[in-house]
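Student: For reference, this is coords-v2.cif, and it has mmCIF, C-alpha atoms and all ligand atoms.
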data_target
loop_
_atom_site.group_PDB
_atom_site.id
_atom_site.type_symbol
_atom_site.label_atom_id
_atom_site.label_comp_id
_atom_site.auth_asym_id
_atom_site.auth_seq_id
_atom_site.Cartn_x
_atom_site.Cartn_y
_atom_site.Cartn_z
ATOM 1 C CA MET A 1 -147.574 -38.083 3.212
ATOM 2 C CA ALA A 2 -145.646 -40.038 0.591
ATOM 3 C CA ARG A 3 -144.082 -43.109 2.160
ATOM 4 C CA GLU A 4 -140.295 -43.014 2.238
ATOM 5 C CA LYS A 5 -138.885 -45.441 -0.341
ATOM 6 C CA LEU A 6 -137.014 -48.373 1.142
ATOM 7 C CA ARG A 7 -133.278 -47.678 0.825
ATOM 8 C CA LEU A 8 -131.336 -50.557 -0.755
ATOM 9 C CA ALA A 9 -127.631 -51.366 -0.780
ATOM 10 C CA VAL A 10 -126.859 -53.903 -3.512
ATOM 11 C CA LEU A 11 -123.728 -56.069 -3.432
ATOM 12 C CA ILE A 12 -122.423 -57.501 -6.697
ATOM 13 C CA SER A 13 -119.516 -59.581 -7.970
ATOM 14 C CA GLY A 14 -120.539 -60.155 -11.559
ATOM 15 C CA GLY A 15 -122.587 -58.854 -14.460
ATOM 16 C CA GLY A 16 -125.250 -57.270 -12.294
ATOM 17 C CA SER A 17 -128.292 -58.477 -14.223
ATOM 18 C CA ASN A 18 -130.255 -58.840 -10.981
ATOM 19 C CA LEU A 19 -129.104 -55.363 -9.963
ATOM 20 C CA ALA A 20 -130.431 -54.065 -13.277
ATOM 21 C CA ALA A 21 -133.771 -55.845 -12.824
ATOM 22 C CA ILE A 22 -134.233 -54.323 -9.373
ATOM 23 C CA ALA A 23 -133.082 -50.900 -10.569
ATOM 24 C CA ARG A 24 -135.597 -51.039 -13.425
ATOM 25 C CA ALA A 25 -138.434 -52.010 -11.072
ATOM 26 C CA CYS A 26 -137.510 -49.089 -8.810
ATOM 27 C CA ALA A 27 -137.259 -46.634 -11.708
ATOM 28 C CA GLN A 28 -140.609 -47.754 -13.116
ATOM 29 C CA GLY A 29 -142.263 -47.324 -9.742
ATOM 30 C CA GLN A 30 -143.159 -51.014 -9.571
ATOM 31 C CA ILE A 31 -141.552 -51.297 -6.153
ATOM 32 C CA ASP A 32 -141.398 -48.668 -3.442
ATOM 33 C CA ALA A 33 -137.624 -48.762 -3.113
ATOM 34 C CA GLN A 34 -134.510 -46.935 -4.225
ATOM 35 C CA ILE A 35 -130.950 -48.199 -4.645
ATOM 36 C CA VAL A 36 -128.805 -45.859 -2.579
ATOM 37 C CA HIS A 37 -125.517 -47.691 -3.079
ATOM 38 C CA VAL A 38 -123.940 -50.454 -5.166
ATOM 39 C CA ILE A 39 -120.892 -52.226 -3.750
ATOM 40 C CA ALA A 40 -118.653 -54.525 -5.808
ATOM 41 C CA ASP A 41 -115.985 -56.804 -4.336
ATOM 42 C CA ARG A 42 -113.979 -57.085 -7.545
ATOM 43 C CA GLY A 43 -112.963 -54.739 -10.310
ATOM 44 C CA THR A 44 -113.991 -57.263 -12.965
ATOM 45 C CA ALA A 45 -117.615 -56.940 -11.947
ATOM 46 C CA GLY A 46 -119.352 -55.824 -15.140
ATOM 47 C CA GLY A 47 -122.132 -54.596 -12.934
ATOM 48 C CA ILE A 48 -120.015 -51.617 -11.849
ATOM 49 C CA GLU A 49 -120.298 -50.002 -15.303
ATOM 50 C CA LEU A 50 -123.973 -50.914 -15.393
ATOM 51 C CA ALA A 51 -124.548 -49.245 -12.015
ATOM 52 C CA LYS A 52 -122.661 -46.128 -13.061
ATOM 53 C CA SER A 53 -124.580 -45.969 -16.339
ATOM 54 C CA MET A 54 -127.763 -45.937 -14.271
ATOM 55 C CA GLY A 55 -126.414 -43.102 -12.145
ATOM 56 C CA LEU A 56 -126.234 -45.236 -9.010
ATOM 57 C CA PRO A 57 -123.638 -44.419 -6.336
ATOM 58 C CA THR A 58 -121.075 -47.205 -6.713
ATOM 59 C CA THR A 59 -118.076 -48.256 -4.639
ATOM 60 C CA LEU A 60 -115.495 -50.858 -5.514
ATOM 61 C CA LEU A 61 -114.171 -52.528 -2.369
ATOM 62 C CA GLU A 62 -111.626 -54.824 -3.974
ATOM 63 C CA PHE A 63 -111.312 -57.834 -1.687
ATOM 64 C CA SER A 64 -107.642 -58.345 -2.580
ATOM 65 C CA ARG A 65 -106.799 -54.900 -1.167
ATOM 66 C CA TYR A 66 -107.807 -55.894 2.379
ATOM 67 C CA PRO A 67 -105.605 -57.827 4.794
ATOM 68 C CA SER A 68 -108.480 -59.985 5.996
ATOM 69 C CA ARG A 69 -112.096 -60.856 5.341
ATOM 70 C CA GLU A 70 -112.994 -59.027 8.528
ATOM 71 C CA ASP A 71 -111.348 -55.829 7.252
ATOM 72 C CA HIS A 72 -113.141 -56.191 3.953
ATOM 73 C CA GLU A 73 -116.478 -56.667 5.685
ATOM 74 C CA ARG A 74 -115.819 -53.686 7.944
ATOM 75 C CA ALA A 75 -115.420 -51.559 4.823
ATOM 76 C CA ILE A 76 -118.660 -52.961 3.396
ATOM 77 C CA ILE A 77 -120.519 -52.275 6.641
ATOM 78 C CA ALA A 78 -119.192 -48.720 6.772
ATOM 79 C CA THR A 79 -120.336 -48.088 3.194
ATOM 80 C CA ILE A 80 -123.770 -49.571 3.897
ATOM 81 C CA GLU A 81 -124.181 -47.493 7.043
ATOM 82 C CA GLU A 82 -122.981 -44.291 5.397
ATOM 83 C CA SER A 83 -125.604 -44.796 2.697
ATOM 84 C CA ASP A 84 -128.307 -45.280 5.332
ATOM 85 C CA ALA A 85 -129.479 -48.417 3.526
ATOM 86 C CA GLN A 86 -132.266 -50.344 5.244
ATOM 87 C CA LEU A 87 -132.050 -53.561 3.198
ATOM 88 C CA VAL A 88 -128.923 -55.275 1.866
ATOM 89 C CA VAL A 89 -129.449 -57.151 -1.397
ATOM 90 C CA LEU A 90 -126.871 -59.724 -2.524
ATOM 91 C CA ALA A 91 -127.202 -59.789 -6.301
ATOM 92 C CA GLY A 92 -124.762 -62.201 -7.864
ATOM 93 C CA TYR A 93 -122.478 -61.618 -4.901
ATOM 94 C CA MET A 94 -120.018 -64.502 -4.778
ATOM 95 C CA ARG A 95 -118.269 -64.038 -1.457
ATOM 96 C CA VAL A 96 -119.306 -65.966 1.646
ATOM 97 C CA LEU A 97 -120.146 -63.504 4.406
ATOM 98 C CA SER A 98 -119.129 -64.127 8.002
ATOM 99 C CA ALA A 99 -121.591 -65.130 10.699
ATOM 100 C CA ALA A 100 -120.908 -61.767 12.366
ATOM 101 C CA PHE A 101 -121.912 -59.893 9.204
ATOM 102 C CA VAL A 102 -125.025 -62.034 8.689
ATOM 103 C CA SER A 103 -126.061 -61.663 12.325
ATOM 104 C CA LYS A 104 -125.666 -57.893 12.111
ATOM 105 C CA PHE A 105 -128.032 -57.701 9.122
ATOM 106 C CA LEU A 106 -130.335 -60.611 9.996
ATOM 107 C CA GLY A 107 -133.761 -59.926 8.539
ATOM 108 C CA ARG A 108 -132.373 -57.109 6.382
ATOM 109 C CA LEU A 109 -130.156 -59.270 4.110
ATOM 110 C CA LEU A 110 -131.420 -61.058 0.967
ATOM 111 C CA ASN A 111 -129.862 -63.399 -1.547
ATOM 112 C CA VAL A 112 -130.870 -65.032 -4.801
ATOM 113 C CA HIS A 113 -129.622 -68.558 -5.406
ATOM 114 C CA PRO A 114 -129.898 -70.400 -8.732
ATOM 115 C CA SER A 115 -131.597 -73.559 -7.488
ATOM 116 C CA LEU A 116 -134.805 -74.763 -5.864
ATOM 117 C CA LEU A 117 -133.447 -74.617 -2.315
ATOM 118 C CA PRO A 118 -132.900 -76.514 -0.153
ATOM 119 C CA LYS A 119 -131.740 -78.601 -3.109
ATOM 120 C CA TYR A 120 -128.394 -77.759 -4.708
ATOM 121 C CA LYS A 121 -126.904 -75.375 -2.211
ATOM 122 C CA GLY A 122 -123.463 -74.135 -3.179
ATOM 123 C CA LEU A 123 -121.844 -73.613 -6.551
ATOM 124 C CA HIS A 124 -122.257 -74.934 -10.123
ATOM 125 C CA THR A 125 -125.951 -75.642 -9.593
ATOM 126 C CA HIS A 126 -126.874 -75.880 -13.283
ATOM 127 C CA ARG A 127 -124.173 -78.440 -14.000
ATOM 128 C CA ARG A 128 -125.137 -80.507 -10.963
ATOM 129 C CA VAL A 129 -128.816 -80.408 -11.894
ATOM 130 C CA LEU A 130 -128.013 -81.635 -15.418
ATOM 131 C CA GLU A 131 -125.704 -84.341 -14.103
ATOM 132 C CA ALA A 132 -128.436 -85.517 -11.735
ATOM 133 C CA GLY A 133 -130.944 -85.739 -14.570
ATOM 134 C CA GLU A 134 -133.405 -83.417 -12.844
ATOM 135 C CA ARG A 135 -136.533 -82.519 -14.842
ATOM 136 C CA GLU A 136 -137.059 -79.287 -12.942
ATOM 137 C CA HIS A 137 -134.784 -76.511 -11.711
ATOM 138 C CA GLY A 138 -135.190 -72.891 -10.697
ATOM 139 C CA ALA A 139 -134.218 -70.015 -8.431
ATOM 140 C CA SER A 140 -134.851 -69.010 -4.831
ATOM 141 C CA VAL A 141 -134.864 -65.663 -3.044
ATOM 142 C CA HIS A 142 -134.276 -66.039 0.659
ATOM 143 C CA PHE A 143 -133.312 -64.208 3.806
ATOM 144 C CA VAL A 144 -129.623 -64.865 4.456
ATOM 145 C CA SER A 145 -128.854 -66.828 7.621
ATOM 146 C CA VAL A 146 -125.584 -68.169 9.000
ATOM 147 C CA ASP A 147 -126.398 -71.466 7.237
ATOM 148 C CA LEU A 148 -124.968 -70.935 3.727
ATOM 149 C CA ASP A 149 -127.834 -70.906 1.183
ATOM 150 C CA GLY A 150 -130.007 -72.126 4.027
ATOM 151 C CA GLY A 151 -131.959 -69.088 5.105
ATOM 152 C CA PRO A 152 -135.792 -68.910 5.118
ATOM 153 C CA ILE A 153 -137.064 -69.013 1.528
ATOM 154 C CA ILE A 154 -139.395 -66.217 0.443
ATOM 155 C CA CYS A 155 -140.046 -66.874 -3.239
ATOM 156 C CA GLN A 156 -139.138 -69.483 -5.846
ATOM 157 C CA ALA A 157 -139.464 -69.809 -9.607
ATOM 158 C CA ARG A 158 -139.507 -73.191 -11.322
ATOM 159 C CA VAL A 159 -138.244 -73.914 -14.835
ATOM 160 C CA PRO A 160 -138.227 -77.160 -16.824
ATOM 161 C CA VAL A 161 -134.974 -78.845 -17.717
ATOM 162 C CA LEU A 162 -135.303 -79.465 -21.458
ATOM 163 C CA PRO A 163 -133.708 -82.155 -23.610
ATOM 164 C CA GLY A 164 -130.431 -80.873 -24.983
ATOM 165 C CA ASP A 165 -130.069 -78.255 -22.281
ATOM 166 C CA THR A 166 -126.544 -77.141 -21.530
ATOM 167 C CA GLU A 167 -125.345 -75.304 -18.441
ATOM 168 C CA GLN A 168 -125.637 -72.125 -20.473
ATOM 169 C CA THR A 169 -129.178 -72.635 -21.744
ATOM 170 C CA LEU A 170 -130.366 -73.705 -18.326
ATOM 171 C CA ALA A 171 -128.609 -70.812 -16.564
ATOM 172 C CA ALA A 172 -130.200 -68.351 -18.975
ATOM 173 C CA ARG A 173 -133.677 -69.787 -18.360
ATOM 174 C CA VAL A 174 -133.163 -69.561 -14.583
ATOM 175 C CA LEU A 175 -131.703 -66.062 -14.719
ATOM 176 C CA THR A 176 -134.754 -64.739 -16.558
ATOM 177 C CA ARG A 177 -136.927 -65.875 -13.672
ATOM 178 C CA GLU A 178 -134.554 -64.472 -11.057
ATOM 179 C CA HIS A 179 -135.214 -61.112 -12.648
ATOM 180 C CA ARG A 180 -138.901 -61.540 -11.836
ATOM 181 C CA ILE A 181 -138.800 -62.905 -8.325
ATOM 182 C CA TYR A 182 -136.076 -60.675 -6.911
ATOM 183 C CA PRO A 183 -137.835 -57.350 -7.605
ATOM 184 C CA LYS A 184 -141.087 -58.931 -6.449
ATOM 185 C CA VAL A 185 -139.599 -59.876 -3.070
ATOM 186 C CA VAL A 186 -137.912 -56.497 -2.611
ATOM 187 C CA GLY A 187 -141.259 -54.888 -3.407
ATOM 188 C CA LEU A 188 -143.073 -56.973 -0.791
ATOM 189 C CA ILE A 189 -140.491 -56.056 1.831
ATOM 190 C CA ALA A 190 -140.637 -52.377 0.807
ATOM 191 C CA ALA A 191 -144.420 -52.532 1.210
ATOM 192 C CA GLY A 192 -143.952 -53.915 4.715
ATOM 193 C CA ARG A 193 -145.740 -57.126 3.744
ATOM 194 C CA VAL A 194 -142.851 -59.581 4.084
ATOM 195 C CA ARG A 195 -140.541 -59.801 7.021
ATOM 196 C CA LEU A 196 -138.435 -62.311 8.901
ATOM 197 C CA HIS A 197 -139.710 -63.482 12.268
ATOM 198 C CA GLY A 198 -137.268 -65.851 13.932
ATOM 199 C CA ASP A 199 -136.593 -68.403 11.233
ATOM 200 C CA ARG A 200 -139.989 -67.937 9.536
ATOM 201 C CA VAL A 201 -141.037 -65.686 6.709
ATOM 202 C CA LEU A 202 -144.202 -63.723 7.469
ATOM 203 C CA LEU A 203 -146.458 -62.428 4.708
ATOM 204 C CA ASP A 204 -149.017 -59.982 6.062
ATOM 205 C CA GLY A 205 -148.235 -61.291 9.511
ATOM 206 C CA GLN A 206 -148.887 -64.936 8.621
ATOM 207 C CA PRO A 207 -146.117 -67.569 8.376
ATOM 208 C CA LEU A 208 -145.444 -68.719 4.822
ATOM 209 C CA ALA A 209 -145.916 -72.493 4.721
ATOM 210 C CA ILE A 210 -144.525 -72.683 1.202
ATOM 211 C CA PRO A 211 -142.535 -70.073 -0.710
ATOM 212 C CA LEU A 212 -144.329 -67.652 -2.996
ATOM 213 C CA ASN A 213 -143.779 -68.115 -6.700
ATOM 214 C CA ASP A 214 -143.449 -65.686 -9.570
ATOM 215 C CA ASN A 215 -146.920 -66.318 -10.857
ATOM 216 C CA ASP A 216 -148.461 -65.695 -7.485
ATOM 217 C CA SER A 217 -150.185 -62.454 -7.046
ATOM 218 C CA PRO A 218 -149.103 -61.478 -3.571
ATOM 219 C CA MET A 219 -152.619 -60.112 -3.178
ATOM 220 C CA MET A 220 -153.838 -63.694 -3.227
ATOM 221 C CA PRO A 221 -150.987 -65.677 -1.651
ATOM 222 C CA GLN A 222 -151.305 -69.429 -1.526
ATOM 223 C CA GLN A 223 -152.936 -71.211 1.367
ATOM 224 C CA ARG A 224 -151.034 -70.343 4.517
ATOM 225 C CA HIS A 225 -150.863 -72.481 7.604
ATOM 226 C CA ALA A 226 -149.802 -71.423 11.059
HETATM 227 C C1 LIG B 301 -127.029 -65.534 -10.967
HETATM 228 O O1 LIG B 301 -127.207 -66.841 -11.458
HETATM 229 C C2 LIG B 301 -127.334 -65.556 -9.504
HETATM 230 O O2 LIG B 301 -128.274 -66.549 -9.170
HETATM 231 C C3 LIG B 301 -126.031 -65.873 -8.888
HETATM 232 O O3 LIG B 301 -125.126 -65.084 -9.659
HETATM 233 C C4 LIG B 301 -125.543 -65.143 -11.023
HETATM 234 C C5 LIG B 301 -125.270 -63.853 -11.743
HETATM 235 O O4 LIG B 301 -126.058 -62.847 -11.199
HETATM 236 N N1 LIG B 301 -126.018 -65.581 -7.497
HETATM 237 P P1 LIG B 301 -126.006 -61.324 -11.777
HETATM 238 O O5 LIG B 301 -126.239 -61.412 -13.277
HETATM 239 O O6 LIG B 301 -124.637 -60.778 -11.486
HETATM 240 O O7 LIG B 301 -127.115 -60.613 -11.064
#
In structure tokens, how does this file's structure come out?
Ligand code: GRF
Tutor:
Amino acid sequence: MAREKLRLAVLISGGGSNLAAIARACAQGQIDAQIVHVIADRGTAGGIELAKSMGLPTTLLEFSRYPSREDHERAIIATIEESDAQLVVLAGYMRVLSAAFVSKFLGRLLNVHPSLLPKYKGLHTHRRVLEAGEREHGASVHFVSVDLDGGPIICQARVPVLPGDTEQTLAARVLTREHRIYPKVVGLIAAGRVRLHGDRVLLDGQPLAIPLNDNDSPMMPQQRHA
């Protein structure tokens, strides 16, 4: 009997390029998942048009129309639950979620962050990396925890910082790799191979000692230690 595709709710605030990458991977059958709802927190999110152009159910929950963050999150939760989503994917979502929200979706809530966590948590990572003179940068996909940008890391992609790089050139290089690791992680979760256990990531039941990377074939994950 064909396995039910994992049902995804994707939250966006911006252009939605990660949304598009995941949607493409779903459409091409690369990952056993389907996007059942896209939620945007601002009307300026370019990703809304993208989502609609892909025929994805889309809801704008404009933050400024809610009296409080709690009310806004209640609306998000209701939309997620109505869509019967099993995994919540933050894709360029720029709002900090409350501990109550994170706790409710613990283990079913992912984020992509444009840095090699735990380095460069927070905003303006490309600028900070350039200012620090780093030679390497990258992106991380992690389970969201109540520690902002601090949840258990599942997969990372590394890129070189090149002479003459600007924030824009570096951001573009990182974004390209986000589009590889995010669908890969969603696919591993959809296949039941990756899950959160306490504060550890399990791959095929074994704790990940180091994050996967985008060259890794998950069939042959790196050395794992207990
Ligand atoms: C990406 O750099 C992502 O890491 C960050 O938001 C940026 C835009 O993402 N969280 P998207 O193009 O809206 O997916």
Student: Apply the PyMOL selection byres (((not hetatm)) within 10 of (chain B and resi 301)) to the displayed file and report the matching residues as a ChimeraX atom specification.
Tutor: /A:11-22,45-47,90-95,111-115,122-126,138-141,171-179,182
Student: With a distance cut-off of 12 Å and all atoms listed in the file, select the neighbouring residues of Ala27 of chain A, excluding the residue or stretch itself and same-chain residues fewer than 5 positions from it, and output the selection as a list in words.
Tutor: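 Skipping anything fewer than 5 positions along the chain leaves Lys5, Ala20, Ala21, Ile22, Asp32, Ala33, Gln34, Ile35, Met54, Gly55, Leu56 and Pro183 of chain A.
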Student: Selected residues, C-alpha atoms, written as a compact mmCIF listing (two decimals), in the coordinates of the input, please.
Tutor:
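Listed below is the output, part08.txt:
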# COMPACT_ATOMS: atom_id res chain seq x y z
CA LYS A 5 -138.88 -45.44 -0.34
CA ALA A 20 -130.43 -54.06 -13.28
CA ALA A 21 -133.77 -55.84 -12.82
CA ILE A 22 -134.23 -54.32 -9.37
CA ASP A 32 -141.40 -48.67 -3.44
CA ALA A 33 -137.62 -48.76 -3.11
CA GLN A 34 -134.51 -46.94 -4.22
CA ILE A 35 -130.95 -48.20 -4.64
CA MET A 54 -127.76 -45.94 -14.27
CA GLY A 55 -126.41 -43.10 -12.14
CA LEU A 56 -126.23 -45.24 -9.01
CA PRO A 183 -137.84 -57.35 -7.60
Student: Once the PyMOL selection byres (((chain A and resi 72-82) around 10) and not hetatm) is applied to the coordinates I shared, what remains selected? I want it as a VMD selection string.
Tutor: chain A and resid 8 to 11 36 to 41 58 to 71 83 to 88 97 to 98 100 to 101 104 to 105
Student: Residues as selected, C-alpha atoms, written as a PDB file, in the frame of the given file, can you do that?
Tutor:
ATOM      1  CA  LEU A   8    -131.336 -50.557  -0.755  1.00  0.00           C
ATOM      2  CA  ALA A   9    -127.631 -51.366  -0.780  1.00  0.00           C
ATOM      3  CA  VAL A  10    -126.859 -53.903  -3.512  1.00  0.00           C
ATOM      4  CA  LEU A  11    -123.728 -56.069  -3.432  1.00  0.00           C
ATOM      5  CA  VAL A  36    -128.805 -45.859  -2.579  1.00  0.00           C
ATOM      6  CA  HIS A  37    -125.517 -47.691  -3.079  1.00  0.00           C
ATOM      7  CA  VAL A  38    -123.940 -50.454  -5.166  1.00  0.00           C
ATOM      8  CA  ILE A  39    -120.892 -52.226  -3.750  1.00  0.00           C
ATOM      9  CA  ALA A  40    -118.653 -54.525  -5.808  1.00  0.00           C
ATOM     10  CA  ASP A  41    -115.985 -56.804  -4.336  1.00  0.00           C
ATOM     11  CA  THR A  58    -121.075 -47.205  -6.713  1.00  0.00           C
ATOM     12  CA  THR A  59    -118.076 -48.256  -4.639  1.00  0.00           C
ATOM     13  CA  LEU A  60    -115.495 -50.858  -5.514  1.00  0.00           C
ATOM     14  CA  LEU A  61    -114.171 -52.528  -2.369  1.00  0.00           C
ATOM     15  CA  GLU A  62    -111.626 -54.824  -3.974  1.00  0.00           C
ATOM     16  CA  PHE A  63    -111.312 -57.834  -1.687  1.00  0.00           C
ATOM     17  CA  SER A  64    -107.642 -58.345  -2.580  1.00  0.00           C
ATOM     18  CA  ARG A  65    -106.799 -54.900  -1.167  1.00  0.00           C
ATOM     19  CA  TYR A  66    -107.807 -55.894   2.379  1.00  0.00           C
ATOM     20  CA  PRO A  67    -105.605 -57.827   4.794  1.00  0.00           C
ATOM     21  CA  SER A  68    -108.480 -59.985   5.996  1.00  0.00           C
ATOM     22  CA  ARG A  69    -112.096 -60.856   5.341  1.00  0.00           C
ATOM     23  CA  GLU A  70    -112.994 -59.027   8.528  1.00  0.00           C
ATOM     24  CA  ASP A  71    -111.348 -55.829   7.252  1.00  0.00           C
ATOM     25  CA  SER A  83    -125.604 -44.796   2.697  1.00  0.00           C
ATOM     26  CA  ASP A  84    -128.307 -45.280   5.332  1.00  0.00           C
ATOM     27  CA  ALA A  85    -129.479 -48.417   3.526  1.00  0.00           C
ATOM     28  CA  GLN A  86    -132.266 -50.344   5.244  1.00  0.00           C
ATOM     29  CA  LEU A  87    -132.050 -53.561   3.198  1.00  0.00           C
ATOM     30  CA  VAL A  88    -128.923 -55.275   1.866  1.00  0.00           C
ATOM     31  CA  LEU A  97    -120.146 -63.504   4.406  1.00  0.00           C
ATOM     32  CA  SER A  98    -119.129 -64.127   8.002  1.00  0.00           C
ATOM     33  CA  ALA A 100    -120.908 -61.767  12.366  1.00  0.00           C
ATOM     34  CA  PHE A 101    -121.912 -59.893   9.204  1.00  0.00           C
ATOM     35  CA  LYS A 104    -125.666 -57.893  12.111  1.00  0.00           C
ATOM     36  CA  PHE A 105    -128.032 -57.701   9.122  1.00  0.00           C
TER      37      PHE A 105
END
Student: What is the atom CA of Glu167 of chain A-atom CA of Arg128 of chain A distance in Å, reported with one decimal?
Tutor: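 These atoms are spaced 9.1 Å apart.
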Student: What does the distance between atom CA of Leu208 of chain A and atom CA of Val102 of chain A come to in Å, to one decimal place?
Tutor: 21.8 Å
Student: Which residues, written as an MDAnalysis selection string, have at least one atom at most 10 Å from Asp199 of chain A, with all atoms listed in the file counted and residues fewer than 5 positions away on the same chain left out?
Tutor: chainID A and resid 107 143 145 151:153 207
Student: Compare A:Leu203, A:Leu130, A:Cys155, A:Leu188 by their minimum atom-to-atom distance to Thr169 of chain A, counting only C-alpha atoms, and give me the closest one.
Tutor: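 Closest candidate: A:Leu130.
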Student: Just how far from atom CA of Leu162 of chain A is atom CA of His137 of chain A, in Å to one decimal?
Tutor: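 Atom-to-atom, atom CA of His137 of chain A and atom CA of Leu162 of chain A are spaced 10.2 Å apart.
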Student: Selected by the PyMOL selection byres (((chain A and resi 136) around 7) and not hetatm) in the shown coordinates: which residues, as a list in words?
Tutor: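 On this input, the PyMOL selection byres (((chain A and resi 136) around 7) and not hetatm) captures Glu134, Arg135, His137, Arg158, Val159, Pro160 and Val161 of chain A.
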